[in-house]
$ cat protein.txt   # compact mmCIF, C-alpha atoms
# COMPACT_ATOMS: atom_id res chain seq x y z
CA ALA A 1 0.00 0.00 0.00
CA LEU A 2 1.05 3.60 -0.48
CA ASP A 3 0.94 6.29 2.18
CA GLY A 4 2.40 9.67 1.28
CA GLY A 5 4.27 8.06 -1.58
CA ASN A 6 5.91 5.51 0.76
CA GLU A 7 5.33 1.77 0.49
CA ILE A 8 4.21 0.36 3.84
CA TYR A 9 2.57 -2.81 5.11
CA PRO A 10 -1.13 -2.28 5.84
CA ASP A 11 -2.36 -2.64 9.42
CA GLU A 12 -3.02 -6.35 9.90
CA ASN A 13 -4.44 -6.01 13.41
CA TYR A 14 -7.59 -4.28 12.17
CA ALA A 15 -8.17 -6.99 9.57
CA ARG A 16 -7.72 -9.72 12.19
CA GLU A 17 -10.11 -8.11 14.67
CA ILE A 18 -12.81 -7.65 12.03
CA MET A 19 -12.74 -11.41 11.43
CA GLN A 20 -12.10 -12.63 14.98
CA LEU A 21 -14.30 -10.28 17.00
CA PHE A 22 -16.92 -8.84 14.65
CA SER A 23 -17.73 -11.46 12.00
CA ILE A 24 -16.65 -15.09 11.61
CA GLY A 25 -14.78 -15.80 14.85
CA LEU A 26 -11.80 -18.11 15.31
CA PHE A 27 -13.25 -21.54 14.58
CA LEU A 28 -15.40 -23.17 11.92
CA LEU A 29 -18.74 -24.17 13.43
CA ASN A 30 -21.28 -26.87 12.77
CA PRO A 31 -24.98 -25.93 12.32
CA ASP A 32 -25.55 -26.69 16.04
CA GLY A 33 -22.81 -24.27 17.08
CA THR A 34 -20.18 -26.85 18.01
CA ARG A 35 -16.69 -26.49 16.59
CA GLN A 36 -15.66 -28.43 13.50
CA THR A 37 -12.65 -30.72 13.76
CA ASP A 38 -10.32 -32.53 11.40
CA SER A 39 -9.75 -36.32 11.35
CA ASP A 40 -7.37 -36.00 14.30
CA GLY A 41 -9.84 -34.07 16.42
CA ASN A 42 -8.10 -30.70 16.01
CA PHE A 43 -10.29 -27.62 15.78
CA LEU A 44 -10.51 -26.05 12.32
CA TYR A 45 -9.73 -22.34 12.14
CA THR A 46 -11.72 -19.93 9.99
CA TYR A 47 -8.63 -18.05 8.79
CA ASP A 48 -4.85 -18.10 8.94
CA SER A 49 -2.01 -15.58 8.67
CA ASP A 50 -2.23 -15.47 4.85
CA ASP A 51 -5.91 -14.55 5.10
CA ILE A 52 -5.09 -11.75 7.55
CA MET A 53 -2.45 -10.33 5.19
CA SER A 54 -4.82 -10.47 2.22
CA TYR A 55 -7.74 -8.97 4.13
CA ALA A 56 -5.52 -6.15 5.41
CA ARG A 57 -4.74 -5.19 1.82
CA ALA A 58 -8.47 -5.09 1.08
CA TRP A 59 -8.81 -2.24 3.58
CA THR A 60 -6.12 -0.06 2.03
CA GLY A 61 -6.82 3.30 0.43
CA PHE A 62 -9.54 4.56 2.77
CA THR A 63 -9.32 8.24 3.66
CA LEU A 64 -11.64 10.96 4.99
CA GLN A 65 -14.31 12.33 2.68
CA ASN A 66 -13.42 15.94 3.56
CA TYR A 67 -16.88 17.27 2.86
CA HIS A 68 -19.99 17.99 4.89
CA ARG A 69 -23.32 16.33 4.33
CA GLY A 70 -26.27 18.70 4.05
CA ASN A 71 -28.86 16.22 5.32
CA LEU A 72 -27.58 15.71 8.87
CA GLU A 73 -28.94 17.50 11.95
CA ASP A 74 -25.46 18.16 13.27
CA GLU A 75 -24.17 21.57 14.19
CA GLY A 76 -20.70 20.87 12.84
CA GLY A 77 -21.99 19.18 9.69
CA GLU A 78 -19.34 16.47 9.96
CA ASP A 79 -20.08 13.34 7.98
CA MET A 80 -20.46 10.46 10.45
CA VAL A 81 -22.63 8.36 8.12
CA ASP A 82 -20.12 7.62 5.37
CA PRO A 83 -16.96 9.44 6.49
CA LEU A 84 -14.53 7.45 4.35
CA LYS A 85 -13.78 7.15 0.66
CA ILE A 86 -11.18 5.15 -1.27
CA ASP A 87 -8.18 7.07 -2.56
CA ARG A 88 -7.26 5.14 -5.69
CA GLU A 89 -3.61 6.22 -5.48
CA LYS A 90 -3.24 4.56 -2.05
CA ARG A 91 -5.21 1.42 -2.87
CA ASP A 92 -3.46 -1.94 -3.07
CA VAL A 93 -4.23 -3.11 -6.61
CA PHE A 94 -3.13 -6.74 -6.36
CA PRO A 95 -5.56 -9.70 -6.04
CA LYS A 96 -6.94 -10.54 -2.61
CA THR A 97 -7.77 -14.12 -1.66
CA ASP A 98 -11.07 -15.11 -0.09
CA LEU A 99 -11.51 -17.70 2.68
CA LYS A 100 -12.42 -20.56 0.34
CA GLY A 101 -9.27 -20.84 -1.76
CA GLY A 102 -10.41 -18.38 -4.44
CA TYR A 103 -10.08 -14.65 -4.99
CA ILE A 104 -12.29 -11.68 -4.29
CA GLY A 105 -13.81 -10.88 -7.67
CA ASP A 106 -14.12 -14.48 -8.87
CA GLY A 107 -17.29 -14.80 -10.92
CA TYR A 108 -17.05 -11.33 -12.44
CA PRO A 109 -16.04 -10.98 -16.11
CA LEU A 110 -12.61 -9.79 -17.15
CA CYS A 111 -12.62 -6.10 -18.06
CA ALA A 112 -10.63 -7.00 -21.19
CA ASP A 113 -13.43 -9.35 -22.30
CA LEU A 114 -16.31 -6.87 -22.07
CA PRO A 115 -17.90 -6.37 -25.52
CA ASN A 116 -17.69 -3.08 -27.39
CA ASN A 117 -20.23 -0.35 -26.69
CA MET A 118 -21.40 -1.81 -23.39
CA HIS A 119 -23.16 1.51 -22.76
CA LEU A 120 -25.47 0.81 -25.72
CA ARG A 121 -26.34 -2.76 -24.78
CA LYS A 122 -29.21 -4.29 -22.85
CA GLY A 123 -28.83 -3.69 -19.13
CA ALA A 124 -26.71 -0.55 -19.46
CA THR A 125 -27.57 1.70 -16.51
CA PHE A 126 -27.58 5.49 -16.32
CA LEU A 127 -28.24 7.61 -13.22
CA VAL A 128 -29.29 11.24 -13.41
CA LEU A 129 -26.86 13.79 -11.97
CA GLY A 130 -29.01 16.85 -12.59
CA SER A 131 -26.94 19.94 -13.34
CA LYS A 132 -23.84 18.30 -11.83
CA SER A 133 -21.39 17.48 -14.63
CA ASN A 134 -18.81 15.35 -12.80
CA PRO A 135 -19.54 11.65 -12.16
CA GLU A 136 -20.15 10.40 -8.64
CA GLN A 137 -18.89 6.83 -9.03
CA GLN A 138 -15.74 7.58 -11.01
CA TRP A 139 -13.03 10.09 -10.27
CA GLU A 140 -12.68 13.32 -12.21
CA ASP A 141 -10.81 16.48 -11.36
CA PRO A 142 -13.09 18.41 -8.95
CA SER A 143 -12.14 21.65 -10.72
CA TRP A 144 -13.96 20.39 -13.83
CA GLU A 145 -17.33 20.66 -12.11
CA GLY A 146 -19.40 23.31 -13.87
CA ASP A 147 -16.57 24.32 -16.22
CA ALA A 148 -18.39 25.31 -19.42
CA THR A 149 -15.13 25.44 -21.40
CA LEU A 150 -14.66 21.66 -21.24
CA THR A 151 -15.88 19.40 -24.01
CA ARG A 152 -18.64 17.19 -22.65
CA LEU A 153 -20.19 14.19 -24.35
CA GLU A 154 -23.45 15.55 -25.78
CA LEU A 155 -25.98 13.48 -27.70
CA ASP A 156 -27.64 14.50 -30.96
CA ALA A 157 -31.25 15.23 -30.05
CA SER A 158 -32.46 14.69 -33.61
CA SER A 159 -31.05 11.23 -34.29
CA SER A 160 -29.49 9.55 -31.25
CA PRO A 161 -31.29 6.41 -30.01
CA LEU A 162 -29.63 6.85 -26.62
CA TYR A 163 -30.91 10.42 -26.40
CA ASP A 164 -34.48 9.14 -26.72
CA LYS A 165 -33.94 6.74 -23.82
CA LEU A 166 -32.52 9.41 -21.51
CA CYS A 167 -34.79 12.29 -22.51
CA VAL A 168 -38.22 10.59 -22.53
CA PRO A 169 -40.09 13.67 -23.82
CA ASP A 170 -43.34 14.80 -22.26
CA PRO A 171 -46.16 14.05 -24.75
CA THR A 172 -47.64 17.52 -24.30
CA SER A 173 -44.71 19.90 -24.04
CA GLY A 174 -42.07 17.81 -25.75
CA ASP A 175 -39.60 18.67 -22.99
CA CYS A 176 -37.46 15.90 -21.56
CA THR A 177 -38.74 14.32 -18.35
CA PHE A 178 -35.28 12.98 -17.38
CA PRO A 179 -36.02 9.77 -15.45
CA GLY A 180 -33.86 9.34 -12.34
CA LYS A 181 -32.60 5.95 -13.50
CA VAL A 182 -32.54 4.47 -16.98
CA VAL A 183 -31.81 0.79 -17.69
CA LEU A 184 -31.77 -0.18 -21.36
CA ASP A 185 -34.29 -2.96 -21.95
CA ASP A 186 -32.64 -4.02 -25.21
CA ASN A 187 -29.59 -3.34 -27.35
CA LEU A 188 -29.85 0.02 -29.09
CA THR A 189 -29.78 -0.14 -32.88
CA TYR A 190 -27.08 1.78 -34.75
CA ASP A 191 -27.43 0.09 -38.15
CA THR A 192 -26.80 2.92 -40.61
CA PRO A 193 -23.62 4.85 -41.44
CA THR A 194 -25.23 8.00 -40.02
CA LEU A 195 -26.04 6.36 -36.70
CA GLN A 196 -22.66 4.65 -36.52
CA SER A 197 -20.95 8.01 -36.93
CA LEU A 198 -22.62 9.36 -33.78
CA VAL A 199 -20.15 10.01 -30.99
CA GLU A 200 -21.64 7.54 -28.50
CA HIS A 201 -21.19 4.71 -31.03
CA SER A 202 -17.66 5.62 -32.10
CA ILE A 203 -16.13 5.61 -28.60
CA ASP A 204 -15.33 2.72 -26.27
CA GLU A 205 -17.08 4.01 -23.19
CA VAL A 206 -19.00 6.97 -21.83
CA ARG A 207 -18.66 8.54 -18.40
CA THR A 208 -21.15 11.40 -18.14
CA ILE A 209 -23.58 12.48 -20.85
CA LYS A 210 -24.99 15.94 -21.43
CA VAL A 211 -28.65 15.85 -22.47
CA ALA A 212 -30.19 19.10 -23.69
CA GLY A 213 -33.95 18.96 -23.72
CA GLY A 214 -35.47 21.61 -21.51
CA SER A 215 -34.69 24.91 -19.88
CA ALA A 216 -31.22 23.67 -18.89
CA PRO A 217 -29.09 20.64 -19.77
CA VAL A 218 -29.11 17.61 -17.50
CA PHE A 219 -26.23 15.17 -17.02
CA TYR A 220 -26.36 11.40 -16.68
CA GLU A 221 -23.65 9.10 -15.40
CA TYR A 222 -23.07 5.72 -17.01
CA ILE A 223 -22.64 3.01 -14.36
CA ARG A 224 -19.90 0.75 -15.62
CA PRO A 225 -20.58 -2.94 -14.84
CA PRO A 226 -18.19 -4.54 -12.33
CA CYS A 227 -15.29 -6.43 -13.84
CA VAL A 228 -11.83 -7.61 -12.85
CA HIS A 229 -8.35 -6.97 -14.23
CA LYS A 230 -5.61 -9.53 -14.71
CA ASN A 231 -2.38 -8.56 -13.01
CA PHE A 232 -0.32 -10.71 -15.37
CA PHE A 233 -1.08 -10.64 -19.08
CA ASP A 234 0.57 -10.92 -22.49
CA GLY A 235 1.19 -8.11 -24.96
CA ALA A 236 1.47 -5.33 -22.40
CA LYS A 237 1.72 -1.76 -23.66
CA LYS A 238 3.37 1.22 -22.04
CA VAL A 239 1.11 3.82 -20.46
CA ILE A 240 2.48 7.16 -19.28
CA THR A 241 1.12 9.94 -17.13
CA GLY A 242 2.32 13.20 -15.61
CA ASN A 243 4.90 15.66 -16.84
CA ILE A 244 7.78 15.07 -19.23
CA VAL A 245 10.77 17.25 -18.34
CA GLY A 246 14.05 16.90 -20.18
CA GLY A 247 12.74 13.73 -21.77
CA VAL A 248 12.08 12.15 -18.36
CA VAL A 249 8.53 10.76 -18.04
CA SER A 250 7.37 11.18 -14.45
CA ASP A 251 5.42 7.89 -14.41
CA SER A 252 5.25 4.86 -16.70
CA MET A 253 3.52 1.51 -16.27
CA CYS A 254 2.28 -1.58 -18.11
CA ALA A 255 -1.36 -2.03 -19.10
CA ASP A 256 -3.48 -4.60 -20.92
CA PRO A 257 -4.14 -3.13 -24.39
CA HIS A 258 -7.64 -4.65 -24.48
CA THR A 259 -8.87 -2.65 -21.50
CA ILE A 260 -10.42 0.82 -21.57
CA LEU A 261 -7.82 2.71 -19.57
CA ALA A 262 -6.15 5.63 -21.35
CA ALA A 263 -6.14 8.22 -24.12
CA GLY A 264 -3.63 8.20 -26.97
CA SER A 265 -0.18 9.79 -27.20
CA CYS A 266 -0.23 11.50 -30.58
CA CYS A 267 2.59 13.40 -32.32
CA ALA A 268 2.64 15.50 -35.47
CA ALA A 269 4.72 14.12 -38.33
CA SER A 270 8.47 14.35 -37.71
CA SER A 271 7.84 15.59 -34.16
CA THR A 272 8.39 14.03 -30.75
CA ALA A 273 6.12 16.50 -28.92
CA GLY A 274 2.92 14.73 -27.95
CA ARG A 275 -0.68 15.62 -27.24
CA HIS A 276 -3.78 13.76 -26.08
CA LEU A 277 -6.85 13.27 -28.27
CA CYS A 278 -10.30 12.81 -26.76
CA ASN A 279 -13.91 13.16 -27.92
CA TYR A 280 -14.76 14.52 -24.47
CA ALA A 281 -12.89 15.53 -21.33
CA GLY A 282 -11.59 12.52 -19.44
CA GLU A 283 -12.23 9.97 -22.19
CA ARG A 284 -10.44 6.62 -21.98
CA ALA A 285 -10.08 3.99 -24.67
CA THR A 286 -8.43 0.71 -25.56
CA PHE A 287 -4.99 0.76 -27.14
CA ALA A 288 -6.37 0.04 -30.64
CA THR A 289 -8.96 2.84 -30.43
CA ALA A 290 -6.38 5.32 -29.16
CA VAL A 291 -3.96 4.49 -32.00
CA GLU A 292 -6.70 4.75 -34.64
CA LYS A 293 -7.74 8.14 -33.26
CA CYS A 294 -4.18 9.45 -33.68
CA PHE A 295 -3.96 8.35 -37.31
CA SER A 296 -7.49 9.41 -38.27
CA ASN A 297 -6.69 12.94 -37.08
CA GLY A 298 -3.48 13.18 -39.08
CA TYR A 299 -1.02 12.33 -36.30
CA THR A 300 1.31 9.44 -35.59
CA HIS A 301 1.14 7.30 -32.48
CA CYS A 302 4.30 8.00 -30.46
CA ASP A 303 6.30 7.71 -27.27
CA PRO A 304 6.61 11.48 -26.69
CA HIS A 305 9.77 13.22 -25.51
CA SER A 306 7.68 16.16 -24.26
CA TRP A 307 4.12 17.46 -24.25
CA SER A 308 3.38 20.00 -26.96
CA ALA A 309 3.00 23.62 -25.89
CA THR A 310 1.14 24.51 -29.10
CA LEU A 311 -1.12 21.56 -29.94
CA PRO A 312 -4.46 21.63 -28.09
CA ASP A 313 -5.22 18.91 -25.55
CA SER A 314 -8.82 17.82 -26.05
CA CYS A 315 -8.74 15.57 -22.98
CA ALA A 316 -8.52 18.68 -20.76
CA ASP A 317 -6.06 16.94 -18.45
CA SER A 318 -2.32 17.03 -19.07
CA GLN A 319 -1.93 14.42 -16.34
CA THR A 320 -4.24 11.89 -17.98
CA TYR A 321 -3.11 8.35 -18.64
CA SER A 322 -2.12 7.82 -22.27
CA TRP A 323 -1.11 4.84 -24.39
CA SER A 324 2.39 5.35 -25.80
CA SER A 325 3.99 3.44 -28.66
CA GLY A 326 6.54 1.97 -26.26
CA GLY A 327 6.50 -1.61 -25.07
CA CYS A 328 6.33 -2.93 -21.54
CA GLN A 329 7.24 -6.18 -19.82
CA VAL A 330 5.18 -7.53 -16.94
CA ARG A 331 7.50 -9.37 -14.56
CA ALA A 332 6.92 -11.30 -11.34
CA LYS A 333 8.60 -10.89 -7.95
CA ILE A 334 8.33 -13.65 -5.31
CA SER A 335 8.88 -13.12 -1.59
CA PHE A 336 11.07 -15.82 -0.06
CA GLU A 337 9.55 -15.05 3.35
CA THR A 338 5.83 -15.12 2.54
CA HIS A 339 5.92 -16.80 -0.91
CA GLN A 340 3.60 -14.08 -2.14
CA ILE A 341 3.86 -12.90 -5.74
CA ALA A 342 3.92 -9.25 -6.83
CA ARG A 343 4.04 -7.62 -10.24
CA VAL A 344 6.99 -5.57 -11.46
CA ASP A 345 6.50 -3.36 -14.52
CA TYR A 346 9.49 -2.87 -16.81
CA PRO A 347 8.54 -0.32 -19.49
CA ASP A 348 10.72 0.71 -22.39
CA ALA A 349 13.03 3.52 -21.30
CA ASP A 350 11.99 7.09 -22.04
CA SER A 351 14.05 9.37 -24.29
CA ALA A 352 16.30 10.21 -21.32
CA GLY A 353 16.98 6.52 -20.74
CA GLN A 354 14.96 6.29 -17.52
CA ARG A 355 12.17 4.03 -16.30
CA ILE A 356 10.13 5.60 -13.48
CA VAL A 357 7.27 3.41 -12.26
CA ARG A 358 5.30 4.85 -9.35
CA LYS A 359 1.96 3.07 -9.51
CA TYR A 360 -0.26 0.68 -11.42
CA LEU A 361 -3.08 1.74 -13.67
CA ARG A 362 -6.69 0.70 -12.96
$ encode --input "protein.txt" --output "structure tokens"
Amino acid sequence: ALDGGNEIYPDENYAREIMQLFSIGLFLLNPDGTRQTDSDGNFLYTYDSDDIMSYARAWTGFTLQNYHRGNLEDEGGEDMVDPLKIDREKRDVFPKTDLKGGYIGDGYPLCADLPNNMHLRKGATFLVLGSKSNPEQQWEDPSWEGDATLTRLELDASSSPLYDKLCVPDPTSGDCTFPGKVVLDDNLTYDTPTLQSLVEHSIDEVRTIKVAGGSAPVFYEYIRPPCVHKNFFDGAKKVITGNIVGGVVSDSMCADPHTILAAGSCCAASSTAGRHLCNYAGERATFATAVEKCFSNGYTHCDPHSWSATLPDSCADSQTYSWSSGGCQVRAKISFETHQIARVDYPDADSAGQRIVRKYLR
């Protein structure tokens, strides 16, 4: 786990007490409450030291919300209902075992196996945000909230099938009624070149959607279905983020090219100065989509030596994750003490010959 940029072991005592004192107890029990035993008559424990270590990592990343709820009758307004949130930069990203020999997340699909345009398929869920433009279940820069200069994903009111599902016009006034929750009851049909050219069909995933259909636009958030990432995979690609100073990339890492994780690193012909390309602020894509976007806009896909000071950045975030043209090796590290396995990313060196890996992308 990370705390203030330092790698530390998570607190195992809290994880142990949750199991021992507040949930499953020390011993496996029979339906009548007696303790289970093995063939030699020894009591069977519910967990061991490995379980404690894994469970401790499941609790990493929690930090204070740092905001006040408006619906509490409390003079100070402090949030004592849900005071914690997960800071993704401090979260342990490696797999956690369960108590039955499997892993937390078993049974969920791989994120890399999700079909294209999940947001247009049966079961896709959208929650209304009202006038709030930032998502609530995914992280975006808080300063983006209400910033009218940012490019938001906006649907074509005249032709978009998804617009019809989110707007639901009033039969009398024609104004959108904006249901609080929309779940697609069937796959939406985009079967003509015109429909397939619409922005929501040409991107890998949506985050928030701007719907204009009344006195003021309303935003919806797409609720991405739960899925799991592999920590070890073939064909890894190099993803970069942060500043590039003197050719030194501040952070590089490996990522599965089939997952929707980053924008593209695009350079003009005969240039090593890069930019990001997005259809809307904060967009992420698979490696193939990001590369195609570079070429279709007249750029090359590159491993930039710097970020361009003249080319516009349509992603609105110079710190965004971006797929580079560099390669990356996913290696394994095994602890001789605990026999646990960790991942070590070994990206291609940047133009200054350095490899700085600070975190893992999720």
$ residues_around --input "protein.txt" --residues "range 230-245 of chain A" --least-positions-apart "4" --cutoff "8 Å" --atoms "all atoms listed in the file" --output "MDAnalysis selection string"
chainID A and resid 94:95 110 249:257 262 287 305:307 318:331 343 347:348
$ closest_residue --input "protein.txt" --among "A:Met80, A:Ala268, A:Leu29, A:Ile86" --to "Leu44 in chain A" --atoms "all atoms listed in the file"
A:Leu29
$ residues_around --input "protein.txt" --residues "Glu205 in chain A" --least-positions-apart "6" --cutoff "9 Å" --atoms "all atoms listed in the file" --output "list in words"
Asn116, Asn117, Met118, His119, Tyr222, Arg224, Ile260, Glu283, Arg284 and Ala285 of chain A
$ write_last_selection --input "protein.txt" --atoms "C-alpha atoms" --output "mmCIF file, in the frame of the given file"
data_model
loop_
_atom_site.group_PDB
_atom_site.id
_atom_site.type_symbol
_atom_site.label_atom_id
_atom_site.label_comp_id
_atom_site.auth_asym_id
_atom_site.auth_seq_id
_atom_site.Cartn_x
_atom_site.Cartn_y
_atom_site.Cartn_z
ATOM 1 C CA ASN A 116 -17.690 -3.080 -27.390
ATOM 2 C CA ASN A 117 -20.230 -0.350 -26.690
ATOM 3 C CA MET A 118 -21.400 -1.810 -23.390
ATOM 4 C CA HIS A 119 -23.160 1.510 -22.760
ATOM 5 C CA TYR A 222 -23.070 5.720 -17.010
ATOM 6 C CA ARG A 224 -19.900 0.750 -15.620
ATOM 7 C CA ILE A 260 -10.420 0.820 -21.570
ATOM 8 C CA GLU A 283 -12.230 9.970 -22.190
ATOM 9 C CA ARG A 284 -10.440 6.620 -21.980
ATOM 10 C CA ALA A 285 -10.080 3.990 -24.670
#
$ atom_distance --input "protein.txt" --atom1 "CA of Leu127 in chain A" --atom2 "CA of Lys181 in chain A"
4.7 Å
$ closest_residue --input "protein.txt" --among "A:Thr172, A:Ser131, A:Thr259, A:Ser49" --to "Thr289 in chain A" --atoms "all atoms listed in the file"
A:Thr259
$ atom_distance --input "protein.txt" --atom1 "CA of Leu311 in chain A" --atom2 "CA of Glu292 in chain A"
18.3 Å
$ closest_residue --input "protein.txt" --among "A:Pro31, A:Gly102, A:Pro312, A:Gly25" --to "Thr46 in chain A" --atoms "all atoms listed in the file"
A:Gly25
$ closest_atom_pairs --input "protein.txt" --of "range 165-273 of chain A" --to "range 148-159 of chain A" --cutoff "12 Å" --atoms "all atoms listed in the file" --output "Markdown table"
| residue | atom | partner | partner_atom | distance |
| --- | --- | --- | --- | --- |
| A:Lys165 | CA | A:Ala157 | CA | 10.9 |
| A:Leu166 | CA | A:Leu155 | CA | 9.9 |
| A:Cys167 | CA | A:Ala157 | CA | 8.8 |
| A:Val168 | CA | A:Ala157 | CA | 11.3 |
| A:Pro169 | CA | A:Ala157 | CA | 10.9 |
| A:Gly174 | CA | A:Ala157 | CA | 11.9 |
| A:Asp175 | CA | A:Ala157 | CA | 11.5 |
| A:Cys176 | CA | A:Ala157 | CA | 10.5 |
| A:Thr189 | CA | A:Ser159 | CA | 11.5 |
| A:Tyr190 | CA | A:Ser159 | CA | 10.3 |
| A:Thr192 | CA | A:Ser159 | CA | 11.3 |
| A:Thr194 | CA | A:Ser159 | CA | 8.8 |
| A:Leu195 | CA | A:Ser159 | CA | 7.4 |
| A:Gln196 | CA | A:Ser159 | CA | 10.9 |
| A:Ser197 | CA | A:Ser159 | CA | 10.9 |
| A:Leu198 | CA | A:Asp156 | CA | 7.7 |
| A:Val199 | CA | A:Leu155 | CA | 7.5 |
| A:Glu200 | CA | A:Leu155 | CA | 7.4 |
| A:His201 | CA | A:Leu155 | CA | 10.5 |
| A:Ser202 | CA | A:Leu153 | CA | 11.8 |
| A:Ile203 | CA | A:Leu153 | CA | 10.4 |
| A:Glu205 | CA | A:Leu153 | CA | 10.7 |
| A:Val206 | CA | A:Leu153 | CA | 7.7 |
| A:Arg207 | CA | A:Leu153 | CA | 8.3 |
| A:Thr208 | CA | A:Leu153 | CA | 6.9 |
| A:Ile209 | CA | A:Leu153 | CA | 5.2 |
| A:Lys210 | CA | A:Glu154 | CA | 4.6 |
| A:Val211 | CA | A:Glu154 | CA | 6.2 |
| A:Ala212 | CA | A:Ala157 | CA | 7.5 |
| A:Gly213 | CA | A:Ala157 | CA | 7.8 |
| A:Gly214 | CA | A:Ala157 | CA | 11.5 |
| A:Pro217 | CA | A:Glu154 | CA | 9.7 |
| A:Val218 | CA | A:Glu154 | CA | 10.2 |
| A:Phe219 | CA | A:Glu154 | CA | 9.2 |
| A:Tyr220 | CA | A:Leu153 | CA | 10.2 |
| A:Glu221 | CA | A:Leu153 | CA | 10.9 |
| A:Tyr222 | CA | A:Leu153 | CA | 11.6 |
$ closest_residue --input "protein.txt" --among "A:Leu99, A:Ala124, A:Cys267, A:Cys294" --to "Thr310 in chain A" --atoms "all atoms listed in the file"
A:Cys267
$ atom_distance --input "protein.txt" --atom1 "CA of Ser335 in chain A" --atom2 "CA of Ala58 in chain A"
19.3 Å
$ closest_residue --input "protein.txt" --among "A:Gly123, A:Gly246, A:Gly282, A:Pro304" --to "Ser270 in chain A" --atoms "all atoms listed in the file"
A:Pro304
$ residues_around --input "protein.txt" --residues "Lys85 in chain A" --least-positions-apart "3" --cutoff "7 Å" --atoms "only C-alpha atoms" --output "list of chain:residue names"
A:Phe62, A:Thr63, A:Leu64, A:Gln65
$ decode --input "protein.txt" --residues "range 259-302 of chain A" --atoms "C-alpha atoms" --output "PDB file, in the first residue's frame"
ATOM      1  CA  THR A 259      -8.868  -2.646 -21.496  1.00  0.00           C
ATOM      2  CA  ILE A 260     -10.423   0.823 -21.572  1.00  0.00           C
ATOM      3  CA  LEU A 261      -7.819   2.706 -19.575  1.00  0.00           C
ATOM      4  CA  ALA A 262      -6.150   5.631 -21.352  1.00  0.00           C
ATOM      5  CA  ALA A 263      -6.140   8.215 -24.122  1.00  0.00           C
ATOM      6  CA  GLY A 264      -3.633   8.200 -26.968  1.00  0.00           C
ATOM      7  CA  SER A 265      -0.179   9.793 -27.196  1.00  0.00           C
ATOM      8  CA  CYS A 266      -0.231  11.500 -30.585  1.00  0.00           C
ATOM      9  CA  CYS A 267       2.586  13.402 -32.324  1.00  0.00           C
ATOM     10  CA  ALA A 268       2.636  15.499 -35.469  1.00  0.00           C
ATOM     11  CA  ALA A 269       4.720  14.116 -38.330  1.00  0.00           C
ATOM     12  CA  SER A 270       8.475  14.353 -37.708  1.00  0.00           C
ATOM     13  CA  SER A 271       7.842  15.586 -34.163  1.00  0.00           C
ATOM     14  CA  THR A 272       8.387  14.029 -30.754  1.00  0.00           C
ATOM     15  CA  ALA A 273       6.117  16.502 -28.916  1.00  0.00           C
ATOM     16  CA  GLY A 274       2.919  14.732 -27.948  1.00  0.00           C
ATOM     17  CA  ARG A 275      -0.683  15.615 -27.243  1.00  0.00           C
ATOM     18  CA  HIS A 276      -3.779  13.760 -26.081  1.00  0.00           C
ATOM     19  CA  LEU A 277      -6.847  13.266 -28.268  1.00  0.00           C
ATOM     20  CA  CYS A 278     -10.303  12.807 -26.758  1.00  0.00           C
ATOM     21  CA  ASN A 279     -13.907  13.162 -27.921  1.00  0.00           C
ATOM     22  CA  TYR A 280     -14.755  14.516 -24.473  1.00  0.00           C
ATOM     23  CA  ALA A 281     -12.887  15.527 -21.334  1.00  0.00           C
ATOM     24  CA  GLY A 282     -11.593  12.517 -19.438  1.00  0.00           C
ATOM     25  CA  GLU A 283     -12.234   9.968 -22.191  1.00  0.00           C
ATOM     26  CA  ARG A 284     -10.445   6.621 -21.976  1.00  0.00           C
ATOM     27  CA  ALA A 285     -10.078   3.994 -24.672  1.00  0.00           C
ATOM     28  CA  THR A 286      -8.434   0.711 -25.556  1.00  0.00           C
ATOM     29  CA  PHE A 287      -4.992   0.762 -27.138  1.00  0.00           C
ATOM     30  CA  ALA A 288      -6.374   0.040 -30.636  1.00  0.00           C
ATOM     31  CA  THR A 289      -8.960   2.838 -30.426  1.00  0.00           C
ATOM     32  CA  ALA A 290      -6.376   5.322 -29.164  1.00  0.00           C
ATOM     33  CA  VAL A 291      -3.963   4.486 -32.000  1.00  0.00           C
ATOM     34  CA  GLU A 292      -6.703   4.752 -34.637  1.00  0.00           C
ATOM     35  CA  LYS A 293      -7.735   8.141 -33.256  1.00  0.00           C
ATOM     36  CA  CYS A 294      -4.182   9.450 -33.676  1.00  0.00           C
ATOM     37  CA  PHE A 295      -3.957   8.349 -37.310  1.00  0.00           C
ATOM     38  CA  SER A 296      -7.493   9.411 -38.268  1.00  0.00           C
ATOM     39  CA  ASN A 297      -6.686  12.936 -37.076  1.00  0.00           C
ATOM     40  CA  GLY A 298      -3.477  13.182 -39.080  1.00  0.00           C
ATOM     41  CA  TYR A 299      -1.016  12.333 -36.301  1.00  0.00           C
ATOM     42  CA  THR A 300       1.310   9.437 -35.585  1.00  0.00           C
ATOM     43  CA  HIS A 301       1.145   7.300 -32.478  1.00  0.00           C
ATOM     44  CA  CYS A 302       4.300   8.002 -30.465  1.00  0.00           C
TER      45      CYS A 302
END
